[in-house]
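Step one of this worksheet: look at the structure below.
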Amino acid sequence: MQGRILDIAVGIRPERQSGWASIDYVRPVPDLPVLPKTLLSLELMSQERCTELNEIADLLRQDLGAVARVFHFAKDEQAQSEERLIRLEDCISSIGVRGCLKILADSVVLPSSLWTAICRIWEHSAEIAECCGRIAAEIGAPVSEEDAYLVGLFHELDEFVEVLAWESKLLFVNHPAYVAQRVAEQWGLPDAVLQYFSERQSTGLQLLWRAIVDKAHFCCTRRLTLG
Ligand SMILES: [Fe+2]
């Protein structure tokens, strides 16, 4: 199984094992786990006669792996079309509830030893995402609450590499944020997520998405400290 993840994350071009060229082999498969509780809740929703689209989206938004898989699938579906779906609701509507269930059920099975770390990242990401969304709502236009939420949800994408044992030695030779940006691009995540990782490679200026994510961390830490 680890071999599969390694293959999916990065392939090393034999004749050129250093530098940016190695990242060209990042493959467009979001082999991320989906939480069992997400699958169970979606299964129950799919059996109801009528389910609100926003209820499904709210459920999936709590699970980083589910969101990545839906965006990736929608990206592949749209490959032939001019239109690009950039909202999670639009992707779900295009795929259908049964389709989403099928995509999520096909999730990778991880060894139990990894679940603690995965759950920590998933939980932290959802918490930061919620804070980012609230901050964006306070700031208002041009920052979209939906974009801010997704930036928060994927802000530790480079951390997955280490936890999931994706070829970390190779990746950290390069800039982890660059790798995360490329992976986000391959997975069809919204432009705001790509911009966040682009900002992470900049030095000096505190840029928009970085500022929002930093503030979200500050707010969450403060909330924990104050109880
Ligand atoms: Fe974080």
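For the structure tokens, the naming scheme is as follows: chains receive sequential letters (A, B, ...) according to their order of presentation, residues are indexed from 1 within each chain, and ligands are indexed from 1 in presentation order.
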
Fill in: Contacts to ligand 1 at 12 Å cut-off (only C-alpha atoms and all ligand atoms) as a VMD selection string
chain A and resid 120 to 129 131 to 132 151 to 160 210 212 to 221

Keeping only C-alpha atoms, write the selected residues as a PDB file, in the first residue's frame.
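Final output, saved to selection-v7.pdb:
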ATOM      1  CA  ARG A 120      -5.334  15.206  14.284  1.00  0.00           C
ATOM      2  CA  ILE A 121      -4.606  16.877  10.935  1.00  0.00           C
ATOM      3  CA  TRP A 122      -8.185  16.487   9.706  1.00  0.00           C
ATOM      4  CA  GLU A 123      -9.569  17.939  12.957  1.00  0.00           C
ATOM      5  CA  HIS A 124      -7.078  20.807  13.046  1.00  0.00           C
ATOM      6  CA  SER A 125      -7.692  21.601   9.364  1.00  0.00           C
ATOM      7  CA  ALA A 126     -11.475  21.719   9.821  1.00  0.00           C
ATOM      8  CA  GLU A 127     -11.057  23.977  12.859  1.00  0.00           C
ATOM      9  CA  ILE A 128      -8.739  26.390  11.037  1.00  0.00           C
ATOM     10  CA  ALA A 129     -11.028  26.285   7.990  1.00  0.00           C
ATOM     11  CA  CYS A 131     -11.956  30.253  11.579  1.00  0.00           C
ATOM     12  CA  CYS A 132     -10.743  31.296   8.104  1.00  0.00           C
ATOM     13  CA  VAL A 151      -7.627  27.514   2.107  1.00  0.00           C
ATOM     14  CA  GLY A 152      -7.895  26.747   5.830  1.00  0.00           C
ATOM     15  CA  LEU A 153      -8.905  23.149   5.141  1.00  0.00           C
ATOM     16  CA  PHE A 154      -5.869  22.480   2.936  1.00  0.00           C
ATOM     17  CA  HIS A 155      -3.330  24.736   4.656  1.00  0.00           C
ATOM     18  CA  GLU A 156      -1.353  21.733   5.947  1.00  0.00           C
ATOM     19  CA  LEU A 157      -1.317  19.853   2.676  1.00  0.00           C
ATOM     20  CA  ASP A 158       2.462  19.698   2.797  1.00  0.00           C
ATOM     21  CA  GLU A 159       2.201  17.990   6.198  1.00  0.00           C
ATOM     22  CA  PHE A 160       0.307  15.044   4.711  1.00  0.00           C
ATOM     23  CA  ARG A 210      -1.207  33.791   4.767  1.00  0.00           C
ATOM     24  CA  ILE A 212      -5.939  34.937   7.195  1.00  0.00           C
ATOM     25  CA  VAL A 213      -4.490  31.515   8.015  1.00  0.00           C
ATOM     26  CA  ASP A 214      -2.111  33.020  10.593  1.00  0.00           C
ATOM     27  CA  LYS A 215      -4.950  34.911  12.211  1.00  0.00           C
ATOM     28  CA  ALA A 216      -7.076  31.756  12.262  1.00  0.00           C
ATOM     29  CA  HIS A 217      -4.289  29.912  14.122  1.00  0.00           C
ATOM     30  CA  PHE A 218      -4.030  32.786  16.574  1.00  0.00           C
ATOM     31  CA  CYS A 219      -7.808  32.762  17.176  1.00  0.00           C
ATOM     32  CA  CYS A 220      -7.915  28.984  17.669  1.00  0.00           C
ATOM     33  CA  THR A 221      -4.962  28.993  20.053  1.00  0.00           C
TER      34      THR A 221
END

Skipping near chain neighbours, those fewer than 4 positions away, what residues fall within 12 Å of Val143 of chain A using only C-alpha atoms, listed as a PDB file with C-alpha atoms, in the first residue's frame?
ATOM      1  CA  CYS A 132     -10.743  31.296   8.104  1.00  0.00           C
ATOM      2  CA  GLY A 133     -14.345  31.350   6.876  1.00  0.00           C
ATOM      3  CA  ARG A 134     -15.398  33.548   9.802  1.00  0.00           C
ATOM      4  CA  ILE A 135     -12.472  35.927   9.243  1.00  0.00           C
ATOM      5  CA  ALA A 136     -13.356  36.202   5.542  1.00  0.00           C
ATOM      6  CA  ALA A 137     -16.965  36.967   6.448  1.00  0.00           C
ATOM      7  CA  GLU A 138     -15.722  39.808   8.643  1.00  0.00           C
ATOM      8  CA  ILE A 139     -13.385  41.154   5.947  1.00  0.00           C
ATOM      9  CA  ASP A 147     -12.418  30.153  -0.654  1.00  0.00           C
ATOM     10  CA  ALA A 148     -11.154  31.062   2.801  1.00  0.00           C
ATOM     11  CA  TYR A 149     -12.679  27.904   4.251  1.00  0.00           C
ATOM     12  CA  VAL A 151      -7.627  27.514   2.107  1.00  0.00           C
ATOM     13  CA  ALA A 192      -7.305  30.403  -3.651  1.00  0.00           C
ATOM     14  CA  LEU A 208      -3.657  37.955   2.086  1.00  0.00           C
ATOM     15  CA  TRP A 209      -4.210  34.204   2.511  1.00  0.00           C
ATOM     16  CA  ILE A 212      -5.939  34.937   7.195  1.00  0.00           C
TER      17      ILE A 212
END

Worksheet item: Which one is closest to Asp106 of chain A: A:Val193, A:Ala141, A:Val34, A:Leu40? Count only C-alpha atoms.
Response: A:Val34

Worksheet item: Interatomic distance between atom CA of Glu43 of chain A and atom CA of Pro111 of chain A?
Response: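 Calculated distance between atom CA of Glu43 of chain A and atom CA of Pro111 of chain A is 23.2 Å.
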
Discussion item. Residues within 9 Å of Phe73 of chain A, please, as a PyMOL selection string. Count only C-alpha atoms; anything in the same chain fewer than 2 positions from it doesn't count.
Written reply: chain A and resi 68-71+75-78+91+95+103+187-188

Discussion item. Residues near Val97 of chain A, anyone? I mean within 7 Å using only C-alpha atoms, not counting same-chain ones fewer than 4 positions away, as a ChimeraX atom specification.
Written reply: /A:46,92,101

Worksheet entry | Computed interatomic separation between atom CA of Ala211 of chain A and atom CA of Leu60 of chain A (Å) |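 A separation of 25.5 Å between them.
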
Discussion item. For the helix (DSSP H, G or I) assignment from backbone DSSP, which residues of segment 90-144 of chain A qualify? Please present them as a PyMOL selection string.
Written reply: chain A and resi 90-95+97-105+112-139

Please write the residues from the selection above to a file, keeping N, CA and C atoms, as a short mmCIF file (atom, residue, chain, number, x, y, z; two decimals), in the first residue's frame.
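Result saved to result37.cif:
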data_model
loop_
_atom_site.label_atom_id
_atom_site.label_comp_id
_atom_site.auth_asym_id
_atom_site.auth_seq_id
_atom_site.Cartn_x
_atom_site.Cartn_y
_atom_site.Cartn_z
N ASP A 90 -21.35 22.84 -6.41
CA ASP A 90 -21.49 22.59 -7.85
C ASP A 90 -20.90 21.23 -8.23
N CYS A 91 -19.76 20.91 -7.62
CA CYS A 91 -19.12 19.61 -7.90
C CYS A 91 -20.04 18.48 -7.45
N ILE A 92 -20.61 18.61 -6.24
CA ILE A 92 -21.49 17.56 -5.72
C ILE A 92 -22.72 17.42 -6.60
N SER A 93 -23.26 18.57 -7.01
CA SER A 93 -24.45 18.55 -7.85
C SER A 93 -24.16 17.86 -9.18
N SER A 94 -22.97 18.10 -9.70
CA SER A 94 -22.58 17.50 -10.98
C SER A 94 -22.38 15.98 -10.86
N ILE A 95 -21.81 15.57 -9.72
CA ILE A 95 -21.49 14.14 -9.54
C ILE A 95 -22.70 13.35 -9.04
N VAL A 97 -25.27 12.45 -5.42
CA VAL A 97 -24.99 11.87 -4.08
C VAL A 97 -24.43 10.46 -4.20
N ARG A 98 -25.06 9.65 -5.05
CA ARG A 98 -24.60 8.26 -5.23
C ARG A 98 -23.18 8.24 -5.79
N GLY A 99 -22.92 9.17 -6.71
CA GLY A 99 -21.58 9.26 -7.29
C GLY A 99 -20.55 9.62 -6.24
N CYS A 100 -20.90 10.58 -5.39
CA CYS A 100 -19.98 11.00 -4.32
C CYS A 100 -19.69 9.82 -3.39
N LEU A 101 -20.77 9.09 -3.08
CA LEU A 101 -20.60 7.94 -2.18
C LEU A 101 -19.63 6.93 -2.77
N LYS A 102 -19.77 6.71 -4.06
CA LYS A 102 -18.90 5.74 -4.74
C LYS A 102 -17.43 6.22 -4.70
N ILE A 103 -17.24 7.50 -4.97
CA ILE A 103 -15.88 8.05 -4.97
C ILE A 103 -15.25 7.94 -3.59
N LEU A 104 -16.03 8.28 -2.57
CA LEU A 104 -15.49 8.27 -1.21
C LEU A 104 -15.27 6.85 -0.69
N ALA A 105 -16.16 5.94 -1.09
CA ALA A 105 -16.04 4.56 -0.62
C ALA A 105 -14.79 3.90 -1.19
N SER A 112 -3.79 1.21 11.01
CA SER A 112 -4.36 1.88 12.19
C SER A 112 -3.36 2.82 12.85
N SER A 113 -2.07 2.51 12.72
CA SER A 113 -1.05 3.36 13.36
C SER A 113 -1.06 4.78 12.80
N LEU A 114 -1.58 4.98 11.60
CA LEU A 114 -1.58 6.32 11.01
C LEU A 114 -2.83 7.13 11.35
N TRP A 115 -3.85 6.44 11.85
CA TRP A 115 -5.12 7.13 12.02
C TRP A 115 -5.08 8.26 13.04
N THR A 116 -4.28 8.10 14.11
CA THR A 116 -4.22 9.15 15.13
C THR A 116 -3.70 10.44 14.50
N ALA A 117 -2.62 10.32 13.74
CA ALA A 117 -2.04 11.51 13.09
C ALA A 117 -3.00 12.10 12.06
N ILE A 118 -3.64 11.23 11.30
CA ILE A 118 -4.58 11.69 10.27
C ILE A 118 -5.74 12.44 10.91
N CYS A 119 -6.30 11.84 11.96
CA CYS A 119 -7.44 12.48 12.63
C CYS A 119 -7.04 13.83 13.21
N ARG A 120 -5.80 13.92 13.73
CA ARG A 120 -5.33 15.21 14.28
C ARG A 120 -5.28 16.26 13.18
N ILE A 121 -4.71 15.91 12.04
CA ILE A 121 -4.61 16.88 10.93
C ILE A 121 -5.99 17.23 10.41
N TRP A 122 -6.84 16.24 10.25
CA TRP A 122 -8.19 16.49 9.71
C TRP A 122 -8.96 17.43 10.64
N GLU A 123 -8.84 17.14 11.96
CA GLU A 123 -9.57 17.94 12.96
C GLU A 123 -9.03 19.36 12.99
N HIS A 124 -7.70 19.48 13.02
CA HIS A 124 -7.08 20.81 13.05
C HIS A 124 -7.45 21.59 11.78
N SER A 125 -7.40 20.93 10.63
CA SER A 125 -7.69 21.60 9.36
C SER A 125 -9.13 22.11 9.32
N ALA A 126 -10.06 21.30 9.82
CA ALA A 126 -11.48 21.72 9.82
C ALA A 126 -11.67 22.90 10.77
N GLU A 127 -10.94 22.88 11.89
CA GLU A 127 -11.06 23.98 12.86
C GLU A 127 -10.51 25.28 12.28
N ILE A 128 -9.35 25.19 11.65
CA ILE A 128 -8.74 26.39 11.04
C ILE A 128 -9.61 26.87 9.87
N ALA A 129 -10.17 25.92 9.12
CA ALA A 129 -11.03 26.29 7.99
C ALA A 129 -12.23 27.10 8.46
N GLU A 130 -12.82 26.66 9.55
CA GLU A 130 -13.99 27.37 10.08
C GLU A 130 -13.60 28.79 10.50
N CYS A 131 -12.44 28.92 11.16
CA CYS A 131 -11.96 30.25 11.58
C CYS A 131 -11.68 31.12 10.35
N CYS A 132 -11.05 30.54 9.33
CA CYS A 132 -10.74 31.30 8.10
C CYS A 132 -12.04 31.81 7.48
N GLY A 133 -13.05 30.95 7.45
CA GLY A 133 -14.35 31.35 6.88
C GLY A 133 -14.94 32.52 7.65
N ARG A 134 -14.84 32.46 8.98
CA ARG A 134 -15.40 33.55 9.80
C ARG A 134 -14.64 34.84 9.57
N ILE A 135 -13.30 34.73 9.47
CA ILE A 135 -12.47 35.93 9.24
C ILE A 135 -12.83 36.55 7.89
N ALA A 136 -13.00 35.70 6.88
CA ALA A 136 -13.36 36.20 5.54
C ALA A 136 -14.71 36.90 5.57
N ALA A 137 -15.64 36.35 6.35
CA ALA A 137 -16.97 36.97 6.45
C ALA A 137 -16.85 38.36 7.07
N GLU A 138 -15.92 38.50 8.01
CA GLU A 138 -15.72 39.81 8.64
C GLU A 138 -15.08 40.79 7.67
N ILE A 139 -14.09 40.28 6.90
CA ILE A 139 -13.38 41.15 5.95
C ILE A 139 -14.32 41.56 4.80
#

Response to the item:
Using only C-alpha atoms, the best pick from A:Tyr178, A:Ala66, A:Leu44, A:Thr203 as closest to Leu32 of chain A would be A:Ala66

Item to complete: Find the residues around Leu59 of chain A up to 8 Å (only C-alpha atoms counted), leave out those fewer than 3 positions away in its own chain, and share them as a PyMOL selection string.
Response: chain A and resi 38+41-42+55-56+62-63

So that I have them on file, write out the residues from the current selection with C-alpha atoms, as a tab-separated table (two decimals), in the first residue's frame.
chain	number	residue	atom	x	y	z
A	38	THR	CA	-18.27	10.81	6.73
A	41	SER	CA	-23.41	9.84	7.26
A	42	LEU	CA	-23.36	10.14	3.47
A	55	GLU	CA	-26.33	19.51	4.00
A	56	ILE	CA	-24.16	17.18	1.94
A	62	GLN	CA	-15.59	18.56	7.64
A	63	ASP	CA	-13.48	15.93	5.90

Item to complete: Point out the residue among A:Leu207, A:Leu110, A:Ile86, A:Leu64 with the least atom-to-atom distance to Leu189 of chain A, counting only C-alpha atoms.
Response: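 Among A:Leu207, A:Leu110, A:Ile86, A:Leu64, it is A:Ile86 that comes nearest to Leu189 of chain A.
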